[in-house]
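File shown here: upload_10.tsv, holding TSV, C-alpha atoms and all ligand atoms.
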```
chain	number	residue	atom	x	y	z
H	1	MET	CA	76.32	86.16	55.09
H	2	THR	CA	79.28	88.26	56.05
H	3	ALA	CA	79.56	89.62	59.56
H	4	ARG	CA	79.35	93.30	60.37
H	5	LEU	CA	82.79	94.43	61.54
H	6	LEU	CA	82.96	96.11	64.97
H	7	PRO	CA	86.19	98.14	65.02
H	8	GLY	CA	87.33	99.39	68.41
H	9	ALA	CA	88.60	102.78	67.28
H	10	PRO	CA	85.27	104.66	66.93
H	11	ALA	CA	83.96	103.34	70.25
H	12	ALA	CA	87.30	104.03	71.96
H	13	GLU	CA	87.27	107.58	70.59
H	14	ALA	CA	83.79	108.19	72.00
H	15	LEU	CA	84.84	106.85	75.41
H	16	LEU	CA	88.04	108.93	75.37
H	17	ALA	CA	86.22	112.11	74.31
H	18	ASP	CA	83.94	111.77	77.32
H	19	ALA	CA	86.83	110.94	79.67
H	20	SER	CA	88.90	113.83	78.43
H	21	ALA	CA	86.00	116.33	78.81
H	22	ARG	CA	85.48	115.13	82.39
H	23	ALA	CA	89.22	115.34	83.08
H	24	ALA	CA	89.23	118.97	81.98
H	25	ARG	CA	86.64	119.80	84.67
H	26	LEU	CA	88.87	118.55	87.49
H	27	PRO	CA	91.15	120.91	89.45
H	28	ALA	CA	94.23	119.06	88.13
H	29	PRO	CA	94.76	116.54	85.30
H	30	PRO	CA	94.18	112.97	86.56
H	31	HIS	CA	97.49	111.24	87.18
H	32	LEU	CA	98.05	107.60	86.19
H	33	VAL	CA	101.11	105.71	87.42
H	34	MET	CA	102.12	102.46	85.72
H	35	VAL	CA	104.70	100.09	87.07
H	36	ARG	CA	106.34	97.31	85.13
H	37	LEU	CA	109.08	94.86	86.06
H	38	GLY	CA	111.49	93.60	83.44
H	39	ASP	CA	111.56	94.04	79.70
H	40	ASP	CA	109.05	91.58	78.27
H	41	PRO	CA	108.50	93.11	74.80
H	42	ALA	CA	104.69	92.80	74.94
H	43	SER	CA	104.55	94.53	78.36
H	44	VAL	CA	106.91	97.27	77.23
H	45	SER	CA	104.77	97.88	74.16
H	46	TYR	CA	101.41	97.84	76.03
H	47	VAL	CA	102.64	100.23	78.71
H	48	ARG	CA	104.08	102.55	76.06
H	49	GLY	CA	100.70	102.53	74.25
H	50	LYS	CA	98.80	103.39	77.43
H	51	ASP	CA	101.28	106.12	78.38
H	52	ARG	CA	101.06	107.74	74.93
H	53	LYS	CA	97.25	107.67	74.89
H	54	ALA	CA	97.05	109.06	78.44
H	55	ARG	CA	99.07	112.15	77.44
H	56	GLU	CA	97.08	112.53	74.23
H	57	VAL	CA	93.82	112.94	76.16
H	58	GLY	CA	95.22	115.33	78.77
H	59	LEU	CA	96.14	113.03	81.64
H	60	THR	CA	99.44	112.99	83.49
H	61	SER	CA	101.23	109.66	83.18
H	62	THR	CA	104.28	108.32	84.97
H	63	VAL	CA	105.94	104.98	84.18
H	64	TYR	CA	108.20	103.15	86.64
H	65	ALA	CA	110.27	100.68	84.61
H	66	LEU	CA	111.93	98.57	87.29
H	67	PRO	CA	114.46	95.78	86.88
H	68	GLU	CA	113.10	92.24	86.55
H	69	THR	CA	114.95	91.39	89.80
H	70	THR	CA	113.24	94.07	91.94
H	71	PRO	CA	112.45	92.42	95.30
H	72	GLN	CA	108.78	92.13	96.21
H	73	ALA	CA	109.31	94.25	99.33
H	74	GLU	CA	110.66	97.08	97.20
H	75	LEU	CA	107.64	96.94	94.88
H	76	LEU	CA	105.25	96.93	97.86
H	77	ASP	CA	107.12	99.89	99.29
H	78	LEU	CA	106.68	101.83	96.05
H	79	ILE	CA	102.95	100.98	96.02
H	80	ALA	CA	102.63	102.23	99.62
H	81	ARG	CA	104.23	105.53	98.63
H	82	LEU	CA	101.94	105.87	95.58
H	83	ASN	CA	98.90	105.07	97.77
H	84	ALA	CA	99.88	107.85	100.17
H	85	ASP	CA	100.63	110.39	97.42
H	86	ASP	CA	97.56	112.59	96.83
H	87	SER	CA	98.89	113.64	93.42
H	88	VAL	CA	98.47	110.04	92.19
H	89	ASN	CA	94.93	109.05	91.17
H	90	GLY	CA	95.44	105.67	89.51
H	91	ILE	CA	97.95	102.84	89.91
H	92	LEU	CA	98.50	99.97	87.46
H	93	VAL	CA	101.06	97.20	87.93
H	94	GLN	CA	101.53	95.48	84.59
H	95	LEU	CA	100.95	91.71	84.60
H	96	PRO	CA	102.37	89.11	84.38
H	97	LEU	CA	104.89	89.65	87.20
H	98	PRO	CA	108.17	87.74	87.53
H	99	ALA	CA	107.87	84.47	89.49
H	100	HIS	CA	109.50	85.82	92.69
H	101	VAL	CA	106.73	88.41	93.13
H	102	SER	CA	103.29	87.38	94.39
H	103	GLU	CA	100.57	88.80	92.16
H	104	GLN	CA	98.12	88.39	95.01
H	105	ALA	CA	100.28	90.42	97.43
H	106	VAL	CA	100.70	93.21	94.89
H	107	LEU	CA	97.03	93.43	93.93
H	108	HIS	CA	96.00	93.48	97.61
H	109	ALA	CA	98.47	96.29	98.32
H	110	ILE	CA	96.99	98.81	95.86
H	111	ASP	CA	94.53	101.26	97.42
H	112	PRO	CA	91.13	100.10	96.04
H	113	ARG	CA	90.25	103.75	95.25
H	114	LYS	CA	93.32	103.97	92.99
H	115	ASP	CA	92.90	100.47	91.53
H	116	VAL	CA	92.21	101.46	87.91
H	117	ASP	CA	92.60	97.81	86.81
H	118	GLY	CA	89.76	96.76	89.12
H	119	PHE	CA	91.79	93.76	90.31
H	120	HIS	CA	91.72	94.44	94.08
H	121	PRO	CA	89.51	91.89	95.91
H	122	LEU	CA	87.28	94.69	97.20
H	123	ASN	CA	86.52	95.83	93.64
H	124	VAL	CA	86.14	92.21	92.48
H	125	GLY	CA	83.58	91.69	95.25
H	126	GLU	CA	81.69	94.87	94.37
H	127	LEU	CA	81.53	93.76	90.73
H	128	TRP	CA	80.00	90.39	91.66
H	129	ALA	CA	77.62	92.11	94.08
H	130	GLY	CA	76.52	94.38	91.24
H	131	ARG	CA	77.55	97.54	93.08
H	132	PRO	CA	79.41	100.47	91.51
H	133	ALA	CA	83.22	100.32	91.68
H	134	LEU	CA	86.26	100.47	89.40
H	135	ARG	CA	85.83	97.74	86.75
H	136	PRO	CA	88.51	95.71	84.94
H	137	CYS	CA	89.38	97.53	81.71
H	138	THR	CA	89.02	94.82	79.07
H	139	PRO	CA	85.57	93.59	80.22
H	140	ALA	CA	84.25	97.12	80.81
H	141	GLY	CA	85.62	98.17	77.42
H	142	ILE	CA	83.80	95.26	75.76
H	143	LEU	CA	80.47	96.32	77.32
H	144	TYR	CA	81.10	99.88	76.11
H	145	LEU	CA	81.79	98.59	72.60
H	146	LEU	CA	78.59	96.51	72.55
H	147	ASP	CA	76.56	99.53	73.69
H	148	HIS	CA	78.28	101.78	71.15
H	149	TYR	CA	77.19	99.48	68.31
H	150	GLY	CA	73.69	99.00	69.74
H	151	ILE	CA	74.14	95.27	70.34
H	152	PRO	CA	71.65	94.05	72.96
H	153	VAL	CA	72.90	92.28	76.09
H	154	ALA	CA	69.87	91.89	78.38
H	155	GLY	CA	68.19	88.52	77.96
H	156	GLN	CA	70.82	87.30	75.48
H	157	ARG	CA	72.60	83.98	75.85
H	158	ALA	CA	76.23	84.94	76.42
H	159	VAL	CA	79.06	82.42	76.42
H	160	VAL	CA	82.48	83.47	77.74
H	161	VAL	CA	85.38	81.22	76.74
H	162	GLY	CA	88.18	81.60	79.33
H	163	ARG	CA	87.98	82.23	83.09
H	164	SER	CA	91.03	84.38	83.83
H	165	HIS	CA	90.92	86.99	86.58
H	166	ILE	CA	91.71	89.75	84.11
H	167	VAL	CA	89.16	88.95	81.38
H	168	GLY	CA	86.88	85.89	81.53
H	169	ARG	CA	85.59	86.05	85.10
H	170	PRO	CA	84.96	89.80	85.34
H	171	LEU	CA	83.41	89.81	81.86
H	172	ALA	CA	80.98	87.11	82.97
H	173	GLY	CA	80.09	89.24	86.01
H	174	LEU	CA	79.50	92.39	83.96
H	175	LEU	CA	77.33	90.49	81.46
H	176	LEU	CA	75.33	89.02	84.34
H	177	ASN	CA	74.90	92.51	85.85
H	178	ARG	CA	73.47	93.54	82.48
H	179	ASP	CA	70.94	90.69	82.57
H	180	ALA	CA	72.55	88.36	80.03
H	181	THR	CA	72.21	84.61	80.63
H	182	VAL	CA	75.85	83.70	81.11
H	183	THR	CA	77.85	80.50	80.65
H	184	VAL	CA	81.60	80.38	81.36
H	185	THR	CA	83.74	77.75	79.63
H	186	HIS	CA	87.41	76.83	80.06
H	187	SER	CA	90.04	74.22	79.25
H	188	ARG	CA	88.10	71.45	81.02
H	189	THR	CA	84.83	72.13	79.21
H	190	ILE	CA	83.57	69.02	77.41
H	191	ASP	CA	82.41	69.65	73.82
H	192	LEU	CA	83.19	73.36	73.73
H	193	GLY	CA	81.55	73.74	70.32
H	194	ALA	CA	78.19	72.50	71.60
H	195	VAL	CA	78.25	75.23	74.25
H	196	THR	CA	79.55	78.07	72.06
H	197	ARG	CA	76.91	77.26	69.40
H	198	GLU	CA	74.24	78.24	71.93
H	199	ALA	CA	75.59	81.78	72.18
H	200	ASP	CA	73.92	84.90	70.84
H	201	LEU	CA	76.98	86.71	72.21
H	202	LEU	CA	80.25	84.76	72.14
H	203	CYS	CA	83.27	86.28	73.94
H	204	VAL	CA	86.60	84.53	73.58
H	205	ALA	CA	89.63	85.20	75.82
H	206	VAL	CA	91.89	82.16	75.69
H	207	GLY	CA	95.19	82.95	74.00
H	208	GLN	CA	95.05	80.21	71.33
H	209	PRO	CA	95.10	81.28	67.71
H	210	HIS	CA	91.89	80.40	65.85
H	211	LEU	CA	90.48	78.11	68.56
H	212	ILE	CA	86.97	79.13	67.52
H	213	THR	CA	86.03	77.84	64.06
H	214	PRO	CA	82.88	78.53	62.00
H	215	GLU	CA	81.02	75.36	63.01
H	216	MET	CA	81.29	76.45	66.68
H	217	VAL	CA	79.31	79.64	66.06
H	218	ARG	CA	75.55	80.14	65.80
H	219	PRO	CA	74.66	81.90	62.52
H	220	GLY	CA	74.11	85.59	63.24
H	221	ALA	CA	75.85	85.58	66.63
H	222	THR	CA	77.98	88.51	67.82
H	223	VAL	CA	81.59	87.40	68.35
H	224	ILE	CA	84.03	89.33	70.56
H	225	ASP	CA	87.62	88.21	70.00
H	226	VAL	CA	89.83	89.22	72.94
H	227	GLY	CA	92.80	87.03	72.01
H	228	ILE	CA	96.09	88.62	70.99
H	229	ASN	CA	98.47	86.01	69.62
H	230	ARG	CA	101.77	86.82	67.99
H	231	VAL	CA	102.36	84.31	65.20
H	232	PRO	CA	105.51	84.04	63.11
H	233	GLY	CA	105.12	84.90	59.44
H	234	GLU	CA	105.14	82.09	56.87
H	235	ASN	CA	108.49	81.30	55.22
H	236	GLY	CA	110.30	83.53	57.71
H	237	GLY	CA	108.04	86.52	56.92
H	238	LYS	CA	107.05	89.22	59.41
H	239	ALA	CA	105.30	88.16	62.62
H	240	HIS	CA	101.73	89.37	62.95
H	241	LEU	CA	98.90	89.46	65.52
H	242	THR	CA	95.92	87.19	65.29
H	243	GLY	CA	92.94	86.48	67.51
H	244	ASP	CA	91.43	83.41	69.16
H	245	VAL	CA	88.75	83.33	66.45
H	246	ASP	CA	89.33	81.90	62.97
H	247	PRO	CA	88.71	84.72	60.44
H	248	GLU	CA	86.42	82.27	58.57
H	249	VAL	CA	83.94	82.78	61.43
H	250	ALA	CA	83.03	86.08	59.73
H	251	ARG	CA	81.06	83.99	57.20
H	252	VAL	CA	78.58	82.82	59.86
H	253	ALA	CA	78.65	85.49	62.58
H	254	GLY	CA	76.33	88.50	62.54
H	255	ALA	CA	79.02	90.81	63.91
H	256	ILE	CA	82.68	90.36	64.89
H	257	THR	CA	85.54	92.39	66.36
H	258	PRO	CA	88.84	92.49	64.43
H	259	VAL	CA	92.29	91.66	65.87
H	260	PRO	CA	94.17	93.93	66.09
H	261	GLY	CA	91.97	97.02	66.29
H	262	GLY	CA	89.03	95.55	68.21
H	263	VAL	CA	89.07	94.98	71.96
H	264	GLY	CA	92.67	96.21	72.46
H	265	PRO	CA	91.92	99.91	71.91
H	266	MET	CA	88.87	99.59	74.20
H	267	THR	CA	91.08	98.28	77.02
H	268	ILE	CA	93.31	101.33	76.82
H	269	ALA	CA	90.40	103.79	76.58
H	270	GLN	CA	88.68	102.18	79.57
H	271	LEU	CA	91.87	102.39	81.64
H	272	LEU	CA	91.99	106.13	81.07
H	273	ALA	CA	88.25	106.47	81.76
H	274	ASN	CA	88.81	104.58	85.03
H	275	THR	CA	91.65	106.95	85.93
H	276	VAL	CA	89.33	109.93	85.40
H	277	ALA	CA	86.60	108.22	87.45
H	278	ALA	CA	89.11	107.53	90.25
H	279	ALA	CA	90.24	111.18	90.23
H	280	GLU	CA	86.60	112.34	90.38
H	281	MET	CA	85.93	110.06	93.35
H	282	GLN	CA	89.03	111.28	95.15
H	283	ALA	CA	88.13	114.94	94.51
H	284	ARG	CA	84.80	114.44	96.35
X	1	LIG	N1	92.67	92.81	73.90
X	1	LIG	C1	93.00	93.02	75.16
X	1	LIG	O1	92.87	94.11	75.64
X	1	LIG	C2	93.49	91.91	75.99
X	1	LIG	C3	93.82	90.74	75.38
X	1	LIG	N2	94.23	89.67	76.11
X	1	LIG	C4	94.49	88.43	75.38
X	1	LIG	O2	93.41	87.53	75.63
X	1	LIG	C5	93.88	86.20	75.68
X	1	LIG	C6	93.50	85.60	77.02
X	1	LIG	O3	94.13	86.31	78.05
X	1	LIG	P1	93.96	85.93	79.59
X	1	LIG	O4	92.53	85.89	79.92
X	1	LIG	O5	94.87	86.81	80.34
X	1	LIG	O6	94.56	84.43	79.51
X	1	LIG	P2	94.88	83.31	80.61
X	1	LIG	O7	95.97	82.52	80.01
X	1	LIG	O8	95.01	83.89	81.94
X	1	LIG	O9	93.54	82.44	80.59
X	1	LIG	C7	93.18	81.66	79.48
X	1	LIG	C8	91.86	80.97	79.75
X	1	LIG	O10	91.54	80.21	78.60
X	1	LIG	C9	91.18	78.90	78.97
X	1	LIG	N3	91.55	77.94	77.94
X	1	LIG	C10	92.79	77.57	77.55
X	1	LIG	N4	92.73	76.66	76.55
X	1	LIG	C11	91.41	76.47	76.30
X	1	LIG	C12	90.70	75.64	75.39
X	1	LIG	N5	91.33	74.85	74.53
X	1	LIG	N6	89.35	75.67	75.43
X	1	LIG	C13	88.69	76.48	76.30
X	1	LIG	N7	89.32	77.29	77.17
X	1	LIG	C14	90.66	77.27	77.18
X	1	LIG	C15	91.95	78.63	80.26
X	1	LIG	O11	91.27	77.62	80.97
X	1	LIG	P3	91.73	77.10	82.44
X	1	LIG	O12	91.27	78.15	83.40
X	1	LIG	O13	91.00	75.81	82.57
X	1	LIG	O14	93.22	76.95	82.37
X	1	LIG	C16	91.90	80.00	80.93
X	1	LIG	O15	90.74	80.15	81.70
X	1	LIG	C17	95.38	86.29	75.41
X	1	LIG	O16	95.59	86.10	74.03
X	1	LIG	C18	95.73	87.70	75.82
X	1	LIG	O17	96.86	88.18	75.14
X	1	LIG	C19	94.29	89.74	77.48
X	1	LIG	C20	93.98	90.89	78.14
X	1	LIG	C21	93.58	92.09	77.44
X	2	LIG	N1	97.75	95.15	85.04
X	2	LIG	C1	97.44	94.84	83.79
X	2	LIG	N2	96.36	95.41	83.21
X	2	LIG	C2	96.03	95.10	81.92
X	2	LIG	O1	95.01	95.61	81.39
X	2	LIG	C3	96.86	94.19	81.19
X	2	LIG	C4	97.97	93.64	81.84
X	2	LIG	N3	98.23	93.97	83.13
X	2	LIG	N4	98.76	92.74	81.20
X	2	LIG	C5	98.54	92.37	79.83
X	2	LIG	C6	97.12	92.56	79.35
X	2	LIG	C7	97.00	92.75	77.86
X	2	LIG	N5	96.47	94.07	77.66
X	2	LIG	C8	96.33	94.70	76.42
X	2	LIG	C9	96.11	96.05	76.28
X	2	LIG	C10	96.06	96.67	75.04
X	2	LIG	C11	96.20	95.93	73.89
X	2	LIG	C12	96.18	96.59	72.56
X	2	LIG	O2	96.20	97.79	72.45
X	2	LIG	N6	96.18	95.84	71.45
X	2	LIG	C13	96.23	96.37	70.10
X	2	LIG	C14	97.47	95.85	69.36
X	2	LIG	C15	98.74	96.15	70.10
X	2	LIG	C16	99.97	95.67	69.34
X	2	LIG	O3	100.12	96.04	68.18
X	2	LIG	O4	100.76	94.93	69.98
X	2	LIG	C17	95.02	95.92	69.33
X	2	LIG	O5	94.43	94.91	69.71
X	2	LIG	O6	94.67	96.57	68.37
X	2	LIG	C18	96.40	94.58	74.01
X	2	LIG	C19	96.44	93.96	75.25
X	2	LIG	C20	96.29	94.66	78.87
X	2	LIG	N7	96.61	93.85	79.88
```

Once you've parsed the file, please lay out its structure as structure tokens.
Amino acid sequence: MTARLLPGAPAAEALLADASARAARLPAPPHLVMVRLGDDPASVSYVRGKDRKAREVGLTSTVYALPETTPQAELLDLIARLNADDSVNGILVQLPLPAHVSEQAVLHAIDPRKDVDGFHPLNVGELWAGRPALRPCTPAGILYLLDHYGIPVAGQRAVVVGRSHIVGRPLAGLLLNRDATVTVTHSRTIDLGAVTREADLLCVAVGQPHLITPEMVRPGATVIDVGINRVPGENGGKAHLTGDVDPEVARVAGAITPVPGGVGPMTIAQLLANTVAAAEMQAR
């Protein structure tokens, strides 16, 4: 058996087409502001990708590229100004932040109505209460992708590997809200393979290349690979991206997302959809 491939691009295009049609009905184009500190190459590249896509679909996008050494107070001051600015609909502060800045302080400071990452504790609470609110982009994008490809969620045994605040935890909450039976695993899980083998729907967000091998996967399961790992090329060749799932898993899985070109494009599309949703809310 060879797994059905679930590319992100077609699903992301459908999500973006809807977001862009809704954006066009607003009095002004939704405005997304992204803030990053320092020049971590991955962060620079992600923010550039989001900025480009935002413009492509008719949003306004502004990027604040601040020095790595920006004091926390200065960042909080900028956030306060963006919160108060009615021309700004969505605010994203790129993570990770340098060590001298408290992630917690920053995420608390963003107006929950402009929190297009869905990381503010109010939005986190609404997610776990099953009430509508802005949802974290990667988990919400994964649910959109599953729906796009007609993969059932309700009643399915879902296993999430990883419990980060940006992927694992909120993904578990969204799957639970959709009536999956959810197990969350992490670095202290004993016999990970025994747990992942139970999954009809296996979602992996760890950051370790090829952690999930074929014998850890139930034949026919759907596998969502969130991991993005940059690995050096062999014999000094070009570096490339690879997921948390061993490509050999495609021999046993029923369906699998590629890396790159799977969950990544969904994350970006969902961010822009969230920005449109935030602008709609603020227009009411
Ligand atoms: N495609 C996309 O859009 C996105 C991709 N990513 C990628 O997804 C990956 C995960 O990101 P993120 O969630 O931020 O990562 P974090 O580093 O924040 O969290 C990793 C999680 O994996 C768990 N873990 C680590 N080692 C193991 C192991 N051997 N077995 C089981 N669990 C383990 C950790 O457990 P513990 O809690 O016990 O430490 C932790 O919960 C990264 O590769 C990242 O680049 C992230 C965001 C978006
Ligand atoms: N406040 C905040 N919000 C985030 O949503 C956030 C963040 N900080 N910090 C880092 C992670 C990571 N993340 C990705 C987004 C897009 C791709 C993406 O587009 N990936 C492409 C490949 C990109 C490449 O070539 O490097 C793909 O998978 O096809 C990947 C990862 C968002 N994150």

Record the distance separating atom O8 of ligand LIG 1 (chain X) and CA of His165 (chain H), expressed in Å with one decimal.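 Answer for the atom O8 of ligand LIG 1 (chain X) to CA of His165 (chain H) separation: 6.9 Å.
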
Which one of H:Ser87, H:Thr267, H:Gln208, H:Gln104 sits closest to Gly49 (chain H) if you count all atoms listed in the file?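 Closest to Gly49 (chain H) of all the choices is H:Thr267.
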
As an MDAnalysis selection string, please: every protein or nucleic acid residue near ligand LIG 1 (chain X) (cut-off 10 Å, counting only C-alpha atoms and all ligand atoms). chainID H and resid 42 46 95:96 136:139 141:142 160:169 184:193 204:209 211:212 224:230 241:244 259:268 270

Find the spatial neighbours of Asn177 (chain H), counting only C-alpha atoms, within a cut-off of 10 Å - ignore same-chain residues fewer than 6 positions away - and output them as a list in words.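 Result of the neighbour search: Leu127, Trp128, Ala129, Gly130, Arg131, Val153, Ala154 and Leu171 of chain H.
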
Would you please work out which residue, of H:Pro258, H:Pro71, H:Pro10, H:Pro247, is nearest to Leu37 (chain H) when using all atoms listed in the file?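 Closest candidate: H:Pro71.
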
Find the residues around Arg113 (chain H) up to 10 Å (all atoms listed in the file counted), leave out those fewer than 5 positions away in its own chain, and share them as number ranges by chain. H: 83, 89-91, 118, 120, 122-123, 133-134, 275, 277-279, 281-282

Could you give me the centre and size, in Å to one decimal, of an axis-aligned box around all listed atoms of ligand LIG 2 (chain X) with 8 Å added on every side, as lines of an AutoDock Vina configuration file?
```
center_x = 97.6
center_y = 95.1
center_z = 76.6
size_x = 22.3
size_y = 21.4
size_z = 32.9
```

Between CA of Glu280 (chain H) and CA of Leu75 (chain H), what distance in Å does the model show, to one decimal?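 Those two atoms sit 26.5 Å apart.
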
Ref. answer, residues at most 6 Å from (78.2, 93.4, 65.5) with all atoms listed in the file, as a PyMOL selection string: chain H and resi 4+6+222+255-256

Kindly give the distance, in Å, that separates atom N7 of ligand LIG 2 (chain X) and CA of Leu92 (chain H), rounded to a single decimal. 9.9 Å

Please return as a list in words every residue within 10 Å of (76.0, 85.7, 52.4), taking into account only C-alpha atoms and the file's own coordinates.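 Selection result: Met1, Thr2, Ala3, Arg251 and Val252 of chain H.
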
Next, the residues of the selection above should be written as a PDB file, in the coordinates of the input with C-alpha atoms.
```
ATOM      1  CA  MET H   1      76.320  86.160  55.090  1.00  0.00           C
ATOM      2  CA  THR H   2      79.280  88.260  56.050  1.00  0.00           C
ATOM      3  CA  ALA H   3      79.560  89.620  59.560  1.00  0.00           C
ATOM      4  CA  ARG H 251      81.060  83.990  57.200  1.00  0.00           C
ATOM      5  CA  VAL H 252      78.580  82.820  59.860  1.00  0.00           C
TER       6      VAL H 252
END
```

Using only C-alpha atoms, which protein or nucleic acid residues come within 10 Å of Leu59 (chain H)? Drop anything in the same chain fewer than 3 positions from it, and give the result as a ChimeraX atom specification. /H:19-20,23-24,28-32,51-56,62,272,275-276

When distances are computed from only C-alpha atoms, which of H:Gly58, H:Ala180, H:Thr196, H:Val47 shows the smallest separation from Leu26 (chain H)?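 Nearest to Leu26 (chain H): H:Gly58.
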
Contacts of region 99-101 of chain H within 9 Å, all atoms listed in the file, excl. fewer than 5 positions in-chain, as number ranges by chain: H: 69-73, 75, 106

Output C-alpha atoms for every residue in the selection just made, as a JSON list (two decimals), in the coordinates of the input.
```json
[["chain", "number", "residue", "atom", "x", "y", "z"],
["H", 69, "THR", "CA", 114.95, 91.39, 89.80],
["H", 70, "THR", "CA", 113.24, 94.07, 91.94],
["H", 71, "PRO", "CA", 112.45, 92.42, 95.30],
["H", 72, "GLN", "CA", 108.78, 92.13, 96.21],
["H", 73, "ALA", "CA", 109.31, 94.25, 99.33],
["H", 75, "LEU", "CA", 107.64, 96.94, 94.88],
["H", 106, "VAL", "CA", 100.70, 93.21, 94.89]]
```

Between H:Ala12, H:Val245, H:Ala21, H:Met34, single out the one closest to Val88 (chain H), counting all atoms listed in the file.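 Closest to Val88 (chain H) of all the choices is H:Met34.
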
Rank nothing, just name the residue among H:Glu234, H:Asp147, H:Asp179, H:Asp40 nearest to ligand LIG 2 (chain X), using all atoms listed in the file.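 Ranked by minimum distance to ligand LIG 2 (chain X), first place goes to H:Asp40.
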
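Proximity ranking of H:Met216, H:Ala250, H:Ala269, H:Ile151 relative to ligand LIG 2 (chain X) places H:Ala269 first, based on all atoms listed in the file.
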
Shell of 6 Å around Ala221 (chain H), all atoms listed in the file, local chain residues under 5 positions omitted, as a ChimeraX atom specification: /H:200-201,253-254
